[in-house]
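**Q** Structure incoming, see below.
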Amino acid sequence: MMKHSYLLFILFFNLFSAQKLQVIESENGKPIPNARILLHNQIVYTNEDGFAPVDQNSVNFEISASGFQKTTIREFYSPIKLKRGYKKIDEVKLIKVDLKEIFEDVARNYRKRYYNEPSLYDVTYKEKRSDNNQIHFLVIAETKLWSKTNFYNHNKSFDNNLQLQLNNVKYFKDLKSDSIFVKGIKKFSEEYMGNYFFNFELNRTLAHVKNKASKYSGWIFFEQGNEQLITFNIKSGLGIELKGEMKYNKADKVITYFEIHYLQDQYPMVKRRTGGGEEFDYQLGNAILAFDFYKNGGVYVPAMSRIEANKYVAYYKGLKHERKISRELIYNTFKKSDEKGLTPRVAFDKDIWDNISVKENKNTTILLTGEEQAFIDKKL
C-alpha cells in the first residue's frame, strides 16, 4: 500500500547562441507552453508564453506537444503553428482501453523498457513559489543530474537514487515569505525525492486504480503512427478524483508522456500543526505532475518532469494563506555514465540553494516569462 496516496505539498515547495522561437496553435494563435523541441544534441521546452531558445541555424528538429500533431521543422522560422490532433471534440471516435492493464504492464516491466543504467544529464532546473498569488521565490539554474538506475527505490538512500550538482545559478530571488507552510518542515522527504521519478508516480496512480472502491476509465483520443493519446479518469476510493492523459507507444509498450491532475480541493479540511506546535486548518489543493520521455540511441530516457500545486490553503490566526508552487526539470542532454556519481554534489540535508555552485563556462540562454521578468526586476 502506497504511503503517499495524497499529494500533501506542505513544501518549501544552453550550449549555443540562441534565438527566440515561438510555438502557437494553428487555429487561434495562442501560445503553446511545454512544447518539446528535440534538437540534434539538445532538448528545450517552450515557456508559459510559448517561447524557447533555439539556434537560428537549427535544421530538421522535431516539435511535439500534448494534444497536437507532432511535426518536423526543416529550417528555422518563427512562429511555428501546431495543428491539434483532432478538429472538433464531437468528431472524435473514442476507443476504450484497459487502464489498469496498461499501468500494471508498464510498472512490471519498467526497468526493461526505460533506460536502467547510470546516467548523466545536463538539466535546467526551475522552481517558483507564490503565496496569495504573489511570487516570492524564483530560481533558474543549470545543474548536472546523475541517476544510478533512473528508477526510484525507497530502500536506497537519496544519493543512491539521484545526485545533483549546481553549476550556474542564472536567477535567484527569495523574498522570504512568512508563510506558515515551511516552518519546521523537513526539506527533503521520500515523497519529495520520489516525485523526481515516473515509476514513483506510476505506482501511486496504480494504487488508486487498484483500490476496491475506485472507478476508472481510459479512452484513446487519437493516434499518430504507433503513438496513442489516451485520456483517463479515476474516482479514487480514497475520496479524490484524478484526471489525466498520456501518450502510449503501442509498439514499444512504453508511456512516453504522462500528465495527471489530482483534484483535491473539495476534500474535507484537516487539522495541521506548525513547526512550533500551533494548530491550524488546512485544505488540500490541486496538483499536476507530468513526465516526458524520448528515445535516444534506442533507449527511453527522461526529457522533462514537472510538478505544480495550487489552492493549498491554511487558515491561521484568522488569515488565509494560499500556496502555489512549481518545479520543472528539463533534461537538455543525456549520456551514459558510471557508478561513481557526482563530486561535489548537493547535500540533501539542507536547502538545495545553500549548497555551493560549481561554475561552468556555458553560453546559454534561459527565457523568462513576462511575469517572472517583472518579479526579477522588482526592487526590494
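By convention here, the chains of the C-alpha cells are called A, B, ... in the order presented, each chain's residues are numbered starting at 1, and ligands are numbered starting at 1 in the order presented.
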Give the strand (DSSP E or B) residues of segment 128-289 of chain A, as assigned by DSSP on the backbone, as a PyMOL selection string.
**A** chain A and resi 128-131+134-147+162-174+215-224+227-235+241-249+254-263+270-273+279-283+286-289
**Q** Which neighbours of His154 of chain A fall inside 9 Å, counting only C-alpha atoms, when residues of the same chain fewer than 6 positions from it are skipped, and could you give them as JSON, numbers by chain?
**A** {"A": [161, 190, 194]}
**Q** How would the residues just chosen look if you wrote them out with N, CA, C and O atoms as an mmCIF file, in the first residue's frame?
**A**
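Writing the result to result-v5.cif gives the following:
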```
data_model
loop_
_atom_site.group_PDB
_atom_site.id
_atom_site.type_symbol
_atom_site.label_atom_id
_atom_site.label_comp_id
_atom_site.auth_asym_id
_atom_site.auth_seq_id
_atom_site.Cartn_x
_atom_site.Cartn_y
_atom_site.Cartn_z
ATOM 1 N N ASN A 161 19.779 7.152 -5.288
ATOM 2 C CA ASN A 161 18.722 7.304 -6.282
ATOM 3 C C ASN A 161 19.070 8.408 -7.270
ATOM 4 O O ASN A 161 18.935 8.241 -8.480
ATOM 5 N N GLU A 190 10.800 11.447 1.500
ATOM 6 C CA GLU A 190 10.687 10.381 0.493
ATOM 7 C C GLU A 190 9.787 10.822 -0.657
ATOM 8 O O GLU A 190 10.086 10.573 -1.820
ATOM 9 N N GLY A 194 10.849 11.130 -4.398
ATOM 10 C CA GLY A 194 10.130 10.242 -5.300
ATOM 11 C C GLY A 194 9.497 10.967 -6.468
ATOM 12 O O GLY A 194 9.398 10.416 -7.573
#
```
**Q** Per residue of segment 86-199 of chain A within 10 Å of segment 242-265 of chain A, what are the shortest atom pair and its distance in Å to one decimal, counting only C-alpha atoms, with rows by chain and residue number, as a Markdown table?
**A**
```
| residue | atom | partner | partner_atom | distance |
| --- | --- | --- | --- | --- |
| A:Ile102 | CA | A:Lys253 | CA | 8.3 |
| A:Phe103 | CA | A:Ile255 | CA | 8.9 |
| A:Asp105 | CA | A:Lys253 | CA | 8.3 |
| A:Val106 | CA | A:Val254 | CA | 6.5 |
| A:Ala107 | CA | A:Val254 | CA | 9.8 |
| A:Asn109 | CA | A:Lys253 | CA | 9.3 |
| A:Tyr110 | CA | A:Val254 | CA | 8.5 |
| A:Arg113 | CA | A:Val254 | CA | 6.6 |
| A:Tyr114 | CA | A:Val254 | CA | 7.9 |
| A:Phe198 | CA | A:Phe258 | CA | 8.5 |
```
**Q** Once DSSP has gone over the backbone, tell me which residues of segment 61-240 of chain A are in alpha helix (DSSP H), as JSON, numbers by chain.
**A** {"A": [99, 100, 101, 102, 103, 104, 105, 106, 107, 108, 110, 111, 112, 113, 158, 159, 160, 161, 190, 191, 192, 193, 194, 198, 199, 200, 201, 202, 203, 204, 205, 206, 207, 208, 209, 210]}
**Q** Please write the residues from the selection above to a file, keeping C-alpha atoms, as a PDB file, in the first residue's frame.
**A**
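This went into part-v7.pdb:
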```pdb
ATOM      1  CA  LEU A  99      -6.187   1.440 -17.986  1.00  0.00           C
ATOM      2  CA  LYS A 100      -5.242  -0.973 -15.209  1.00  0.00           C
ATOM      3  CA  GLU A 101      -3.722  -3.429 -17.676  1.00  0.00           C
ATOM      4  CA  ILE A 102      -1.501  -0.741 -19.257  1.00  0.00           C
ATOM      5  CA  PHE A 103      -0.341   0.648 -15.903  1.00  0.00           C
ATOM      6  CA  GLU A 104       0.405  -2.800 -14.464  1.00  0.00           C
ATOM      7  CA  ASP A 105       2.283  -3.914 -17.576  1.00  0.00           C
ATOM      8  CA  VAL A 106       4.459  -0.762 -17.713  1.00  0.00           C
ATOM      9  CA  ALA A 107       5.124  -0.873 -13.954  1.00  0.00           C
ATOM     10  CA  ARG A 108       6.032  -4.570 -14.063  1.00  0.00           C
ATOM     11  CA  TYR A 110       9.656  -0.613 -16.136  1.00  0.00           C
ATOM     12  CA  ARG A 111      13.340  -1.494 -15.792  1.00  0.00           C
ATOM     13  CA  LYS A 112      13.322  -3.295 -19.161  1.00  0.00           C
ATOM     14  CA  ARG A 113      11.618  -0.557 -21.174  1.00  0.00           C
ATOM     15  CA  PHE A 158      18.687   9.655  -1.601  1.00  0.00           C
ATOM     16  CA  ASP A 159      22.238   9.748  -3.018  1.00  0.00           C
ATOM     17  CA  ASN A 160      21.834   6.227  -4.377  1.00  0.00           C
ATOM     18  CA  ASN A 161      18.722   7.304  -6.282  1.00  0.00           C
ATOM     19  CA  GLU A 190      10.687  10.381   0.493  1.00  0.00           C
ATOM     20  CA  GLU A 191       7.786  11.960  -1.390  1.00  0.00           C
ATOM     21  CA  TYR A 192       9.865  14.971  -2.429  1.00  0.00           C
ATOM     22  CA  MET A 193      12.599  12.729  -3.827  1.00  0.00           C
ATOM     23  CA  GLY A 194      10.130  10.242  -5.300  1.00  0.00           C
ATOM     24  CA  PHE A 198       7.998   8.497 -13.042  1.00  0.00           C
ATOM     25  CA  ASN A 199       7.937   4.986 -11.538  1.00  0.00           C
ATOM     26  CA  PHE A 200       7.092   6.548  -8.144  1.00  0.00           C
ATOM     27  CA  GLU A 201       4.099   8.390  -9.613  1.00  0.00           C
ATOM     28  CA  LEU A 202       3.036   5.397 -11.728  1.00  0.00           C
ATOM     29  CA  ASN A 203       2.860   3.223  -8.617  1.00  0.00           C
ATOM     30  CA  ARG A 204       0.958   5.907  -6.698  1.00  0.00           C
ATOM     31  CA  THR A 205      -1.589   6.196  -9.530  1.00  0.00           C
ATOM     32  CA  LEU A 206      -1.834   2.418  -9.783  1.00  0.00           C
ATOM     33  CA  ALA A 207      -2.612   2.246  -6.044  1.00  0.00           C
ATOM     34  CA  HIS A 208      -5.652   4.459  -6.648  1.00  0.00           C
ATOM     35  CA  VAL A 209      -6.761   2.317  -9.609  1.00  0.00           C
ATOM     36  CA  LYS A 210      -6.430  -0.900  -7.606  1.00  0.00           C
TER      37      LYS A 210
END
```
**Q** With only C-alpha atoms as the counted atoms, please give the residues lying no more than 7 Å from segment 281-283 of chain A, apart from itself and same-chain residues fewer than 4 positions off, as a ChimeraX atom specification.
**A** /A:265,269-272,312-316
**Q** Keeping C-alpha atoms for every residue in the selection just given, could you write it to a file as an mmCIF file, in the first residue's frame?
**A**
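selection-v8.cif, written as the output of this step:
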```
data_model
loop_
_atom_site.group_PDB
_atom_site.id
_atom_site.type_symbol
_atom_site.label_atom_id
_atom_site.label_comp_id
_atom_site.auth_asym_id
_atom_site.auth_seq_id
_atom_site.Cartn_x
_atom_site.Cartn_y
_atom_site.Cartn_z
ATOM 1 C CA ASP A 265 -9.724 20.986 -3.215
ATOM 2 C CA MET A 269 -10.448 20.263 5.670
ATOM 3 C CA VAL A 270 -7.970 18.730 8.105
ATOM 4 C CA LYS A 271 -6.030 19.921 11.143
ATOM 5 C CA ARG A 272 -2.299 20.555 10.917
ATOM 6 C CA TYR A 312 -3.258 24.598 -0.892
ATOM 7 C CA VAL A 313 -4.753 26.787 1.833
ATOM 8 C CA ALA A 314 -4.033 27.272 5.532
ATOM 9 C CA TYR A 315 -6.273 29.295 7.845
ATOM 10 C CA TYR A 316 -4.099 30.519 10.678
#
```
**Q** One number please: atom CA of Val299 of chain A to atom CA of Gln56 of chain A, in Å, one decimal.
**A**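 So the two atoms, atom CA of Val299 of chain A and atom CA of Gln56 of chain A, lie 28.5 Å apart.
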**Q** Write out as a count of residues only each polymer residue whose atoms come within 8 Å of segment 21-38 of chain A, counting only C-alpha atoms; drop sequence neighbours fewer than 6 positions from it.
**A** 25
**Q** What does the distance between atom CA of Gly218 of chain A and atom CA of Asn233 of chain A come to in Å, to one decimal place?
**A**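 Those two atoms sit 6.7 Å apart.
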**Q** Provide the atom CA of Glu75 of chain A to atom CA of Ala290 of chain A distance in Å, to one decimal place.
**A**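 Between these atoms lies a distance of 29.3 Å.
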**Q** Which residues are close to Val301 of chain A, i.e. within 8 Å by only C-alpha atoms, leaving aside same-chain residues fewer than 2 positions away? Reply as a PyMOL selection string.
**A** chain A and resi 114-115+293-296+299+303+334
**Q** Write out as a PyMOL selection string the residues lying within 6 Å of segment 133-150 of chain A, counting only C-alpha atoms and excluding same-chain residues fewer than 4 positions away.
**A** chain A and resi 116-129+161-175
**Q** Identify which of the residues A:Leu342, A:Glu371, A:Thr333, A:Gly276 lies closest to Asn41 of chain A, counting only C-alpha atoms when measuring atom-to-atom distances.
**A**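 Among A:Leu342, A:Glu371, A:Thr333, A:Gly276, it is A:Thr333 that comes nearest to Asn41 of chain A.
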